[in-house]
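> Input file: target-v2.csv. Contents: CSV, C-alpha atoms and all ligand atoms.
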chain,number,residue,atom,x,y,z
T,4,MET,CA,14.0,-20.8,-0.3
T,5,SER,CA,10.3,-20.5,-1.1
T,6,ARG,CA,7.7,-21.7,1.4
T,7,THR,CA,4.0,-22.2,1.2
T,8,VAL,CA,1.8,-20.8,3.9
T,9,SER,CA,-1.8,-21.8,4.6
T,10,ILE,CA,-4.2,-18.9,5.3
T,11,ASP,CA,-7.8,-19.1,6.5
T,12,ALA,CA,-9.4,-16.9,3.8
T,13,ALA,CA,-12.5,-15.9,5.9
T,14,ARG,CA,-10.3,-14.6,8.7
T,15,TYR,CA,-7.7,-12.9,6.5
T,16,LEU,CA,-10.2,-11.2,4.2
T,17,GLY,CA,-12.7,-10.4,6.9
T,18,VAL,CA,-15.6,-12.1,5.2
T,19,ALA,CA,-18.1,-14.6,6.7
T,20,ARG,CA,-17.6,-17.2,3.9
T,21,PRO,CA,-15.4,-16.6,0.9
T,22,GLU,CA,-17.3,-17.0,-2.4
T,23,ARG,CA,-14.6,-16.5,-5.1
T,24,VAL,CA,-11.5,-17.7,-3.4
T,25,ARG,CA,-10.8,-21.0,-1.7
T,26,ASP,CA,-11.5,-21.4,2.1
T,27,ASP,CA,-7.9,-22.3,2.7
T,28,LEU,CA,-5.5,-20.3,0.7
T,29,ALA,CA,-2.1,-21.9,-0.2
T,30,ILE,CA,0.2,-19.0,-0.8
T,31,GLU,CA,3.8,-19.4,-1.9
T,32,VAL,CA,6.2,-16.8,-0.4
T,33,THR,CA,9.4,-16.5,-2.4
T,34,PRO,CA,12.6,-15.1,-1.0
T,35,LYS,CA,12.0,-11.8,-2.8
T,36,SER,CA,8.3,-11.5,-2.1
T,37,PHE,CA,6.9,-9.3,0.7
T,38,PRO,CA,5.5,-11.8,3.3
T,39,PRO,CA,2.0,-11.5,4.9
T,40,TYR,CA,2.0,-10.9,8.7
T,41,LEU,CA,-0.2,-13.9,9.6
T,42,ASP,CA,0.5,-13.8,13.4
T,43,ASP,CA,-0.6,-10.3,13.7
T,44,LEU,CA,-3.2,-9.3,11.1
T,45,ALA,CA,-3.3,-5.7,12.5
T,46,ALA,CA,0.3,-5.3,11.1
T,47,ASP,CA,-0.7,-6.8,7.7
T,48,TRP,CA,-1.5,-4.1,5.2
T,49,VAL,CA,-3.7,-6.2,3.0
T,50,ALA,CA,-5.8,-7.6,5.8
T,51,SER,CA,-6.1,-4.6,8.0
T,52,VAL,CA,-6.0,-1.6,5.5
T,53,ALA,CA,-6.5,-2.8,1.9
T,54,LEU,CA,-9.5,-5.1,2.4
T,55,PRO,CA,-11.6,-2.6,4.4
T,56,ALA,CA,-10.8,0.0,1.7
T,57,PHE,CA,-11.9,-2.4,-1.1
T,58,LYS,CA,-15.2,-3.0,0.8
T,59,LEU,CA,-15.8,0.7,1.1
T,60,VAL,CA,-15.1,1.3,-2.6
T,61,LYS,CA,-17.4,-1.6,-3.5
T,62,GLN,CA,-20.2,0.0,-1.4
T,63,ARG,CA,-19.7,3.4,-2.8
T,64,ARG,CA,-18.9,2.7,-6.5
T,65,GLY,CA,-20.8,-0.5,-7.2
T,66,GLU,CA,-19.5,-2.5,-10.2
T,67,THR,CA,-15.8,-2.8,-10.7
T,68,ARG,CA,-15.0,-4.8,-13.8
T,69,GLY,CA,-11.3,-4.1,-13.9
T,70,PHE,CA,-8.9,-4.2,-10.9
T,71,CYS,CA,-5.1,-3.8,-10.9
T,72,ALA,CA,-2.5,-4.1,-8.2
T,73,ILE,CA,0.9,-2.4,-8.7
T,74,GLY,CA,3.6,-4.2,-6.7
T,75,THR,CA,1.5,-7.1,-5.8
T,76,GLY,CA,4.0,-9.2,-3.8
T,77,THR,CA,2.4,-12.6,-3.1
T,78,GLY,CA,-0.8,-11.7,-5.0
T,79,LEU,CA,-2.9,-11.7,-1.8
T,80,ASP,CA,-4.1,-8.1,-2.5
T,81,ALA,CA,-5.5,-9.3,-5.9
T,82,LEU,CA,-7.2,-12.3,-4.3
T,83,GLY,CA,-8.8,-10.0,-1.8
T,84,ALA,CA,-9.9,-7.7,-4.5
T,85,ILE,CA,-11.3,-10.6,-6.5
T,86,GLU,CA,-13.4,-11.7,-3.5
T,87,VAL,CA,-14.7,-8.1,-2.9
T,88,PHE,CA,-15.2,-6.8,-6.4
T,89,ALA,CA,-15.7,-9.9,-8.6
T,90,PRO,CA,-13.8,-8.2,-11.5
T,91,GLU,CA,-13.6,-9.7,-14.9
T,92,VAL,CA,-10.1,-8.4,-15.6
T,93,VAL,CA,-7.2,-8.4,-13.0
T,94,GLY,CA,-3.8,-6.9,-13.6
T,95,VAL,CA,-0.7,-7.4,-11.4
T,96,THR,CA,2.8,-6.2,-11.6
T,97,ASP,CA,6.0,-6.4,-9.6
T,98,VAL,CA,9.7,-5.8,-10.2
T,99,HIS,CA,11.0,-9.4,-10.1
T,100,ASP,CA,10.1,-12.3,-12.4
T,101,GLU,CA,10.1,-14.6,-9.4
T,102,ILE,CA,7.5,-12.5,-7.5
T,103,VAL,CA,5.3,-12.1,-10.5
T,104,ALA,CA,5.4,-15.8,-11.5
T,105,SER,CA,4.5,-16.9,-8.0
T,106,ALA,CA,1.8,-14.2,-7.5
T,107,ARG,CA,0.2,-15.4,-10.8
T,108,ASP,CA,0.2,-19.1,-9.5
T,109,ASN,CA,-1.0,-17.9,-6.1
T,110,ILE,CA,-3.9,-16.1,-7.6
T,111,LEU,CA,-5.0,-18.8,-10.1
T,112,ARG,CA,-4.7,-21.8,-7.8
T,113,ASN,CA,-6.7,-20.1,-5.0
T,114,LEU,CA,-9.7,-19.2,-7.1
T,115,ASN,CA,-12.8,-21.3,-7.2
T,116,ALA,CA,-13.4,-20.4,-10.9
T,117,PRO,CA,-10.0,-19.3,-12.4
T,118,GLU,CA,-11.5,-19.5,-15.9
T,119,GLY,CA,-13.9,-16.6,-15.0
T,120,ILE,CA,-11.0,-14.1,-14.7
T,121,ARG,CA,-8.7,-12.6,-17.3
T,122,LEU,CA,-5.4,-12.3,-15.4
T,123,LEU,CA,-2.8,-10.0,-16.8
T,124,SER,CA,0.6,-10.0,-15.2
T,125,GLY,CA,4.0,-8.5,-16.0
T,126,THR,CA,7.4,-7.8,-14.5
T,127,GLY,CA,8.8,-4.3,-14.4
T,128,ASP,CA,8.3,-0.8,-13.2
T,129,LEU,CA,4.8,0.3,-11.9
T,130,LEU,CA,2.2,-0.2,-14.7
T,131,SER,CA,4.7,-0.3,-17.6
T,132,PRO,CA,4.6,-4.1,-17.9
T,133,LEU,CA,0.9,-3.9,-18.8
T,134,ALA,CA,1.4,-1.2,-21.6
T,135,GLY,CA,-0.4,-2.3,-24.7
T,136,VAL,CA,-2.1,-5.4,-23.2
T,137,ALA,CA,-4.3,-4.0,-20.5
T,138,PRO,CA,-7.8,-2.5,-20.9
T,139,ARG,CA,-8.5,0.4,-18.6
T,140,PHE,CA,-9.2,-0.5,-15.0
T,141,ASP,CA,-11.9,0.9,-12.6
T,142,VAL,CA,-9.7,0.6,-9.6
T,143,ILE,CA,-5.9,0.5,-9.3
T,144,TYR,CA,-4.3,-0.3,-5.9
T,145,GLU,CA,-0.8,0.4,-4.7
T,146,ASN,CA,1.1,-0.2,-1.5
T,147,LEU,CA,4.5,0.8,-2.9
T,148,PRO,CA,7.6,1.5,-0.8
T,149,ASN,CA,8.4,5.1,0.1
T,150,VAL,CA,11.4,6.2,-1.9
T,151,PRO,CA,13.8,8.9,-0.7
T,152,THR,CA,14.6,10.8,-3.9
T,153,ASN,CA,14.7,10.1,-7.6
T,154,ALA,CA,18.4,9.6,-7.6
T,155,SER,CA,19.3,8.0,-4.3
T,156,VAL,CA,21.0,4.9,-3.1
T,157,ALA,CA,19.1,2.3,-1.1
T,158,LEU,CA,20.0,2.5,2.6
T,159,ALA,CA,22.0,-0.4,3.9
T,160,GLY,CA,19.8,-3.1,5.5
T,161,GLU,CA,16.6,-2.2,3.7
T,162,ARG,CA,14.2,-5.0,2.8
T,163,ALA,CA,13.4,-5.9,-0.8
T,164,SER,CA,10.0,-4.3,-0.3
T,165,SER,CA,11.3,-0.9,0.5
T,166,SER,CA,14.4,-0.8,-1.6
T,167,PHE,CA,14.9,1.5,-4.5
T,168,PHE,CA,15.0,0.3,-8.0
T,169,GLY,CA,17.4,2.6,-10.0
T,170,PRO,CA,17.5,6.4,-10.5
T,171,ARG,CA,14.2,7.8,-11.9
T,172,PRO,CA,14.3,9.6,-15.1
T,173,GLU,CA,11.0,11.3,-14.6
T,174,ASP,CA,10.4,14.8,-13.2
T,175,VAL,CA,9.2,14.6,-9.7
T,176,PRO,CA,8.2,17.8,-7.8
T,177,ALA,CA,10.7,18.5,-5.0
T,178,PRO,CA,8.1,18.4,-2.2
T,179,VAL,CA,7.0,15.0,-3.4
T,180,GLN,CA,10.6,13.7,-3.2
T,181,ALA,CA,11.2,15.3,0.2
T,182,ALA,CA,8.1,13.5,1.6
T,183,LEU,CA,9.4,10.2,0.2
T,184,LEU,CA,6.4,9.9,-2.1
T,185,THR,CA,8.2,9.6,-5.4
T,186,LEU,CA,6.9,6.1,-6.3
T,187,HIS,CA,3.3,6.9,-5.1
T,188,TYR,CA,3.3,10.0,-7.3
T,189,LEU,CA,4.7,8.2,-10.4
T,190,ALA,CA,2.2,5.5,-10.0
T,191,LEU,CA,-0.6,8.1,-10.0
T,192,VAL,CA,0.9,9.8,-13.1
T,193,GLN,CA,1.1,6.5,-15.0
T,194,ALA,CA,-2.3,5.4,-13.8
T,195,ARG,CA,-4.0,8.2,-15.8
T,196,GLU,CA,-3.4,6.1,-18.9
T,197,TYR,CA,-4.8,2.9,-17.3
T,198,LEU,CA,-8.0,4.1,-15.6
T,199,VAL,CA,-11.5,4.4,-17.0
T,200,PRO,CA,-12.9,8.0,-16.8
T,201,GLY,CA,-13.9,8.4,-13.1
T,202,GLY,CA,-11.6,5.5,-12.2
T,203,VAL,CA,-10.0,5.4,-8.8
T,204,MET,CA,-6.4,4.9,-7.6
T,205,LEU,CA,-6.1,3.7,-4.0
T,206,SER,CA,-2.7,4.5,-2.4
T,207,MET,CA,-1.8,2.9,0.9
T,208,LEU,CA,0.2,5.6,2.7
T,209,GLY,CA,2.0,5.4,6.1
T,210,ALA,CA,1.3,9.0,7.2
T,211,ARG,CA,4.7,9.8,8.6
T,212,VAL,CA,4.5,13.1,6.6
T,213,PRO,CA,1.8,15.7,6.8
T,214,LEU,CA,-1.5,14.5,5.3
T,215,GLN,CA,-1.7,17.6,3.2
T,216,SER,CA,1.4,16.4,1.2
T,217,PHE,CA,-0.7,13.4,0.1
T,218,LEU,CA,-3.6,15.6,-1.1
T,219,ASP,CA,-1.1,17.9,-2.9
T,220,MET,CA,0.7,14.9,-4.5
T,221,ALA,CA,-2.6,13.6,-6.0
T,222,ALA,CA,-3.7,17.0,-7.1
T,223,LEU,CA,-0.3,17.6,-8.8
T,224,ALA,CA,-0.8,14.3,-10.6
T,225,GLY,CA,-4.1,15.5,-12.0
T,226,TYR,CA,-6.6,13.8,-9.6
T,227,ARG,CA,-9.4,14.8,-7.2
T,228,PRO,CA,-8.1,13.4,-3.9
T,229,SER,CA,-9.8,12.5,-0.6
T,230,PHE,CA,-9.2,10.2,2.3
T,231,LEU,CA,-11.1,6.9,2.2
T,232,THR,CA,-9.8,5.8,5.6
T,233,TYR,CA,-7.5,7.2,8.3
T,234,GLY,CA,-6.2,5.1,11.1
T,235,TRP,CA,-3.1,4.0,12.9
T,236,LYS,CA,-0.8,1.0,13.2
T,237,ILE,CA,2.0,-0.2,15.4
T,238,GLN,CA,5.3,0.5,13.5
T,239,ALA,CA,6.2,-2.9,12.1
T,240,GLU,CA,9.9,-3.7,11.8
T,241,ALA,CA,10.4,-0.7,14.2
T,242,VAL,CA,14.2,-0.7,14.5
T,243,GLU,CA,14.8,-0.9,10.8
T,244,MET,CA,12.1,1.6,9.9
T,245,LEU,CA,12.9,4.1,12.5
T,246,ASN,CA,16.6,3.9,11.7
T,247,GLY,CA,15.8,4.3,8.0
T,248,HIS,CA,13.7,7.4,8.6
T,249,ALA,CA,16.3,8.9,11.0
T,250,GLU,CA,18.9,8.5,8.2
T,251,TRP,CA,16.6,10.1,5.7
T,252,GLN,CA,16.0,13.0,8.1
T,253,ARG,CA,19.8,13.5,8.3
T,254,ARG,CA,19.8,13.7,4.5
T,255,GLY,CA,17.4,16.6,4.8
T,256,MET,CA,14.1,14.8,4.2
T,257,GLY,CA,11.1,14.8,6.5
T,258,PRO,CA,10.8,15.3,9.4
T,259,PHE,CA,8.8,12.1,9.8
T,260,HIS,CA,6.1,11.8,12.4
T,261,PHE,CA,5.6,8.9,14.8
T,262,TYR,CA,3.6,8.7,18.0
T,263,ARG,CA,3.4,6.7,21.3
T,264,ILE,CA,0.7,4.1,21.0
T,265,GLU,CA,-1.2,5.7,24.0
T,266,ASP,CA,-1.4,9.0,22.2
T,267,LEU,CA,-2.8,7.3,19.0
T,268,GLU,CA,-5.4,5.4,21.1
T,269,ALA,CA,-6.5,8.6,22.8
T,270,ALA,CA,-6.7,10.7,19.6
T,271,PHE,CA,-8.7,8.1,17.6
T,272,ALA,CA,-10.7,7.0,20.6
T,273,ASP,CA,-13.2,4.5,19.1
T,274,LEU,CA,-13.3,6.1,15.7
T,275,GLU,CA,-13.3,3.6,12.9
T,276,PRO,CA,-10.9,4.4,10.0
T,277,GLU,CA,-13.9,5.2,7.7
T,278,ALA,CA,-15.4,7.7,10.3
T,279,ALA,CA,-11.9,9.2,11.0
T,280,ALA,CA,-11.3,9.9,7.3
T,281,PRO,CA,-13.4,13.1,6.9
T,282,ARG,CA,-11.8,14.3,10.2
T,283,ALA,CA,-8.3,13.3,9.3
T,284,LEU,CA,-6.8,16.8,9.1
T,285,GLU,CA,-8.4,17.7,12.4
T,286,ILE,CA,-7.1,14.5,14.2
T,287,GLU,CA,-3.7,15.1,12.8
T,288,ALA,CA,-3.7,18.7,14.2
T,289,GLU,CA,-4.8,17.3,17.6
T,290,LEU,CA,-1.9,14.9,17.5
T,291,ALA,CA,0.6,17.5,16.5
T,292,SER,CA,1.9,18.4,19.9
T,293,ARG,CA,2.6,14.7,20.6
T,294,ALA,CA,4.4,13.9,17.3
T,295,LEU,CA,7.9,12.4,17.6
T,296,ASP,CA,10.5,12.7,14.9
T,297,ALA,CA,12.4,9.5,13.8
T,298,ASP,CA,15.3,10.1,16.3
T,299,ALA,CA,13.0,10.7,19.2
T,300,ALA,CA,10.8,7.7,18.3
T,301,LEU,CA,13.9,5.5,18.0
T,302,ALA,CA,15.3,6.6,21.3
T,303,LEU,CA,11.9,5.9,23.0
T,304,HIS,CA,11.5,2.5,21.2
T,305,GLN,CA,15.0,1.5,22.5
T,306,ARG,CA,13.7,2.2,26.0
T,307,GLY,CA,10.7,-0.1,25.5
T,308,THR,CA,8.0,2.5,24.5
T,309,ARG,CA,5.6,1.2,21.8
T,310,ILE,CA,5.7,3.4,18.7
T,311,GLY,CA,3.1,3.7,16.0
T,312,HIS,CA,2.2,5.9,13.0
T,313,THR,CA,-1.0,6.9,11.3
T,314,TYR,CA,-1.9,5.8,7.8
T,315,ALA,CA,-4.3,7.0,5.2
T,316,VAL,CA,-5.9,5.3,2.2
T,317,LEU,CA,-5.8,8.1,-0.4
T,318,HIS,CA,-8.7,7.9,-2.9
T,319,SER,CA,-7.7,9.7,-6.1
T,320,GLU,CA,-10.4,10.0,-8.6
T,321,LEU,CA,-9.8,10.9,-12.3
T,322,PRO,CA,-12.0,13.9,-13.0
U,401,LIG,C1,5.1,-3.2,0.7
U,401,LIG,S1,5.1,-4.4,-0.6
U,401,LIG,C2,3.4,-4.5,-0.9
U,401,LIG,C3,3.0,-5.9,-1.3
U,401,LIG,C4,1.5,-6.1,-1.5
U,401,LIG,N1,1.0,-5.3,-2.6
U,401,LIG,C5,0.7,-5.6,-0.2
U,401,LIG,O1,-0.1,-4.7,-0.3
U,401,LIG,O2,1.0,-6.1,0.8
U,401,LIG,C6,5.7,-3.4,-2.0
U,401,LIG,C7,5.8,-4.1,-3.3
U,401,LIG,O3,6.1,-3.2,-4.3
U,401,LIG,C8,7.0,-3.8,-5.2
U,401,LIG,N2,7.7,-2.7,-5.9
U,401,LIG,C9,8.7,-1.9,-5.5
U,401,LIG,N3,9.0,-1.0,-6.5
U,401,LIG,C10,8.2,-1.2,-7.5
U,401,LIG,C11,8.0,-0.6,-8.8
U,401,LIG,N4,8.8,0.4,-9.2
U,401,LIG,N5,7.1,-1.2,-9.6
U,401,LIG,C12,6.3,-2.2,-9.3
U,401,LIG,N6,6.4,-2.8,-8.0
U,401,LIG,C13,7.3,-2.3,-7.2
U,401,LIG,C14,7.9,-4.6,-4.3
U,401,LIG,O4,8.6,-5.6,-4.9
U,401,LIG,C15,6.9,-5.2,-3.3
U,401,LIG,O5,6.3,-6.4,-3.7
What do you get writing this file as structure tokens?


Amino acid sequence: MSRTVSIDAARYLGVARPERVRDDLAIEVTPKSFPPYLDDLAADWVASVALPAFKLVKQRRGETRGFCAIGTGTGLDALGAIEVFAPEVVGVTDVHDEIVASARDNILRNLNAPEGIRLLSGTGDLLSPLAGVAPRFDVIYENLPNVPTNASVALAGERASSSFFGPRPEDVPAPVQAALLTLHYLALVQAREYLVPGGVMLSMLGARVPLQSFLDMAALAGYRPSFLTYGWKIQAEAVEMLNGHAEWQRRGMGPFHFYRIEDLEAAFADLEPEAAAPRALEIEAELASRALDADAALALHQRGTRIGHTYAVLHSELP
């Protein structure tokens, strides 16, 4: 059954006083939509990773007239982007009608001036629902699931957010598949047709594979990549996620990297994600001797050790 949650916009979006969205957001969460983590905003990707990334892009790029979220879930990512960028056109897609319909309602009913925005929405794969109707966007955002291969079966027990939607007909380079980056890569490839020249794709990536594989993926897709932010998070849904990655390792993918929280705290010290980004490869190298593969991390987690992972916001610019 759907439920409606009430969210303090200032707290969730990290702004003093929201201008474009309502102070109290009323967000419908449907059975298929990916729920926000309101009790622990540090675990919530939109609040803790996407919003800071949007603010940095706004500072660095200035005007953003078109914004698009691929796989929007509840639409909170688009509401955050509207607050930060004040775009004229917003696109959202997701794979179920139920999710897209409620995201559309969630966006429109939580705006102070919904008539000021042209909202394009569609159900289907990646950007394809917007083919033919969307203008080109300045910024496209994605926080897509990591997908094992382009012809795999969803692992038992996976959430809707991380499950796999059918075999992929596209060519995906083998290293991209092995690093579980298939959907992120395909989103980049499709986005070339939906970005203005110099437009930017922002990919939210749990960095459980080497950072270099993110840079390589974006370069293979035809972009100039860099890291916008680099940070760490406690592994959410730890049992399910560690088991899933352990199973993928047994199928020959990975290995995937996790860390004890104390090691992450020490490696990042007080570095903010923005300051860590230009040093990301160096910090990753410093952490290398403390990396745990999925089996080791799972075993430690079962004995009560807190496990986390690093993340990166990949900033891929169209040349
Ligand atoms: C981890 S959730 C992210 C939700 C929200 N964008 C956020 O940042 O919190 C991933 C979303 O991607 C959607 N998704 C999965 N595969 C997709 C695809 N091939 N095309 C479009 N959306 C997809 C899922 O339904 C889900 O809503």

> Taking only C-alpha atoms into account, which of T:Ser9, T:Ser319, T:Gln305, T:Ser216 comes nearest Ala190 of chain T?

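Using only C-alpha atoms, Ala190 of chain T sits closest to T:Ser319.
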
> Would you work out the distance separating atom CA of Gly225 of chain T from atom CA of His318 of chain T, expressed in Å to one decimal?

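Rounded to one decimal, the two atoms are 12.7 Å apart.
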
> Sorted by chain and rising residue number, list the residues of chain T at most 6 Å from ligand LIG 401 (chain U) (counting only C-alpha atoms and all ligand atoms), each with its closest atom pair and distance in Å to one decimal, as JSON lines.


{"residue": "T:Ser36", "atom": "CA", "partner": "U:LIG401", "partner_atom": "O5", "distance": 5.7}
{"residue": "T:Phe37", "atom": "CA", "partner": "U:LIG401", "partner_atom": "O5", "distance": 5.3}
{"residue": "T:Trp48", "atom": "CA", "partner": "U:LIG401", "partner_atom": "O2", "distance": 5.4}
{"residue": "T:Val49", "atom": "CA", "partner": "U:LIG401", "partner_atom": "O1", "distance": 5.1}
{"residue": "T:Ile73", "atom": "CA", "partner": "U:LIG401", "partner_atom": "C12", "distance": 5.4}
{"residue": "T:Gly74", "atom": "CA", "partner": "U:LIG401", "partner_atom": "N6", "distance": 3.4}
{"residue": "T:Thr75", "atom": "CA", "partner": "U:LIG401", "partner_atom": "N1", "distance": 3.7}
{"residue": "T:Gly76", "atom": "CA", "partner": "U:LIG401", "partner_atom": "O5", "distance": 3.6}
{"residue": "T:Asp80", "atom": "CA", "partner": "U:LIG401", "partner_atom": "O1", "distance": 5.7}
{"residue": "T:Thr96", "atom": "CA", "partner": "U:LIG401", "partner_atom": "C12", "distance": 5.8}
{"residue": "T:Asp97", "atom": "CA", "partner": "U:LIG401", "partner_atom": "N6", "distance": 4.0}
{"residue": "T:Val98", "atom": "CA", "partner": "U:LIG401", "partner_atom": "N6", "distance": 5.0}
{"residue": "T:Gly127", "atom": "CA", "partner": "U:LIG401", "partner_atom": "N5", "distance": 6.0}
{"residue": "T:Asp128", "atom": "CA", "partner": "U:LIG401", "partner_atom": "N5", "distance": 3.8}
{"residue": "T:Leu129", "atom": "CA", "partner": "U:LIG401", "partner_atom": "N5", "distance": 3.6}
{"residue": "T:Asn146", "atom": "CA", "partner": "U:LIG401", "partner_atom": "O1", "distance": 4.8}
{"residue": "T:Leu147", "atom": "CA", "partner": "U:LIG401", "partner_atom": "C6", "distance": 4.5}
{"residue": "T:Pro148", "atom": "CA", "partner": "U:LIG401", "partner_atom": "C6", "distance": 5.4}
{"residue": "T:Ser164", "atom": "CA", "partner": "U:LIG401", "partner_atom": "C15", "distance": 4.4}

> Tell me which protein, DNA and RNA residues are within 12 Å of Ala29 of chain T, counting all atoms listed in the file, leaving out same-chain ones fewer than 4 positions away, and put them as a ChimeraX atom specification.

/T:6-12,24-25,77-79,82,105-106,108-114

> How far is it from atom CA of Pro178 of chain T to atom CA of Asp296 of chain T, in Å with one decimal?

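Computing it gives 18.2 Å between the two atoms.
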
> Let me make sure I understand: among T:Gln215, T:Thr308, T:Asn246, T:Ser206, which one has the smallest atom-to-atom distance to Glu285 of chain T if we use all atoms listed in the file?

T:Gln215

> Show me, as a list in words, the residues that have an atom within 6 Å of segment 236-240 of chain T when counting only C-alpha atoms, minus same-chain residues fewer than 3 positions from it.

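After dropping sequence-adjacent residues, the list is Glu243, Ile310, Gly311 and His312 of chain T.
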
> Let me make sure I understand: among T:Leu214, T:Leu191, T:Ala300, T:Leu290, which one has the smallest atom-to-atom distance to Asp266 of chain T if we use only C-alpha atoms?

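Counting only C-alpha atoms, the residue closest to Asp266 of chain T is T:Leu290.
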
> Residues proximal to (4.6, 9.6, 16.7) were defined as those with any atom within 12 Å of that point in the file's coordinates, counting all atoms listed in the file. Which are they, as JSON, numbers by chain?

{"T": [209, 210, 211, 212, 213, 235, 236, 237, 238, 245, 258, 259, 260, 261, 262, 263, 264, 265, 266, 267, 268, 270, 287, 290, 291, 292, 293, 294, 295, 296, 297, 298, 299, 300, 301, 303, 304, 308, 309, 310, 311, 312, 313, 314]}

> Kindly save the residues from that selection, with C-alpha atoms included, as a PDB file, keeping the file's coordinate frame.


ATOM      1  CA  GLY T 209       2.000   5.400   6.100  1.00  0.00           C
ATOM      2  CA  ALA T 210       1.300   9.000   7.200  1.00  0.00           C
ATOM      3  CA  ARG T 211       4.700   9.800   8.600  1.00  0.00           C
ATOM      4  CA  VAL T 212       4.500  13.100   6.600  1.00  0.00           C
ATOM      5  CA  PRO T 213       1.800  15.700   6.800  1.00  0.00           C
ATOM      6  CA  TRP T 235      -3.100   4.000  12.900  1.00  0.00           C
ATOM      7  CA  LYS T 236      -0.800   1.000  13.200  1.00  0.00           C
ATOM      8  CA  ILE T 237       2.000  -0.200  15.400  1.00  0.00           C
ATOM      9  CA  GLN T 238       5.300   0.500  13.500  1.00  0.00           C
ATOM     10  CA  LEU T 245      12.900   4.100  12.500  1.00  0.00           C
ATOM     11  CA  PRO T 258      10.800  15.300   9.400  1.00  0.00           C
ATOM     12  CA  PHE T 259       8.800  12.100   9.800  1.00  0.00           C
ATOM     13  CA  HIS T 260       6.100  11.800  12.400  1.00  0.00           C
ATOM     14  CA  PHE T 261       5.600   8.900  14.800  1.00  0.00           C
ATOM     15  CA  TYR T 262       3.600   8.700  18.000  1.00  0.00           C
ATOM     16  CA  ARG T 263       3.400   6.700  21.300  1.00  0.00           C
ATOM     17  CA  ILE T 264       0.700   4.100  21.000  1.00  0.00           C
ATOM     18  CA  GLU T 265      -1.200   5.700  24.000  1.00  0.00           C
ATOM     19  CA  ASP T 266      -1.400   9.000  22.200  1.00  0.00           C
ATOM     20  CA  LEU T 267      -2.800   7.300  19.000  1.00  0.00           C
ATOM     21  CA  GLU T 268      -5.400   5.400  21.100  1.00  0.00           C
ATOM     22  CA  ALA T 270      -6.700  10.700  19.600  1.00  0.00           C
ATOM     23  CA  GLU T 287      -3.700  15.100  12.800  1.00  0.00           C
ATOM     24  CA  LEU T 290      -1.900  14.900  17.500  1.00  0.00           C
ATOM     25  CA  ALA T 291       0.600  17.500  16.500  1.00  0.00           C
ATOM     26  CA  SER T 292       1.900  18.400  19.900  1.00  0.00           C
ATOM     27  CA  ARG T 293       2.600  14.700  20.600  1.00  0.00           C
ATOM     28  CA  ALA T 294       4.400  13.900  17.300  1.00  0.00           C
ATOM     29  CA  LEU T 295       7.900  12.400  17.600  1.00  0.00           C
ATOM     30  CA  ASP T 296      10.500  12.700  14.900  1.00  0.00           C
ATOM     31  CA  ALA T 297      12.400   9.500  13.800  1.00  0.00           C
ATOM     32  CA  ASP T 298      15.300  10.100  16.300  1.00  0.00           C
ATOM     33  CA  ALA T 299      13.000  10.700  19.200  1.00  0.00           C
ATOM     34  CA  ALA T 300      10.800   7.700  18.300  1.00  0.00           C
ATOM     35  CA  LEU T 301      13.900   5.500  18.000  1.00  0.00           C
ATOM     36  CA  LEU T 303      11.900   5.900  23.000  1.00  0.00           C
ATOM     37  CA  HIS T 304      11.500   2.500  21.200  1.00  0.00           C
ATOM     38  CA  THR T 308       8.000   2.500  24.500  1.00  0.00           C
ATOM     39  CA  ARG T 309       5.600   1.200  21.800  1.00  0.00           C
ATOM     40  CA  ILE T 310       5.700   3.400  18.700  1.00  0.00           C
ATOM     41  CA  GLY T 311       3.100   3.700  16.000  1.00  0.00           C
ATOM     42  CA  HIS T 312       2.200   5.900  13.000  1.00  0.00           C
ATOM     43  CA  THR T 313      -1.000   6.900  11.300  1.00  0.00           C
ATOM     44  CA  TYR T 314      -1.900   5.800   7.800  1.00  0.00           C
TER      45      TYR T 314
END
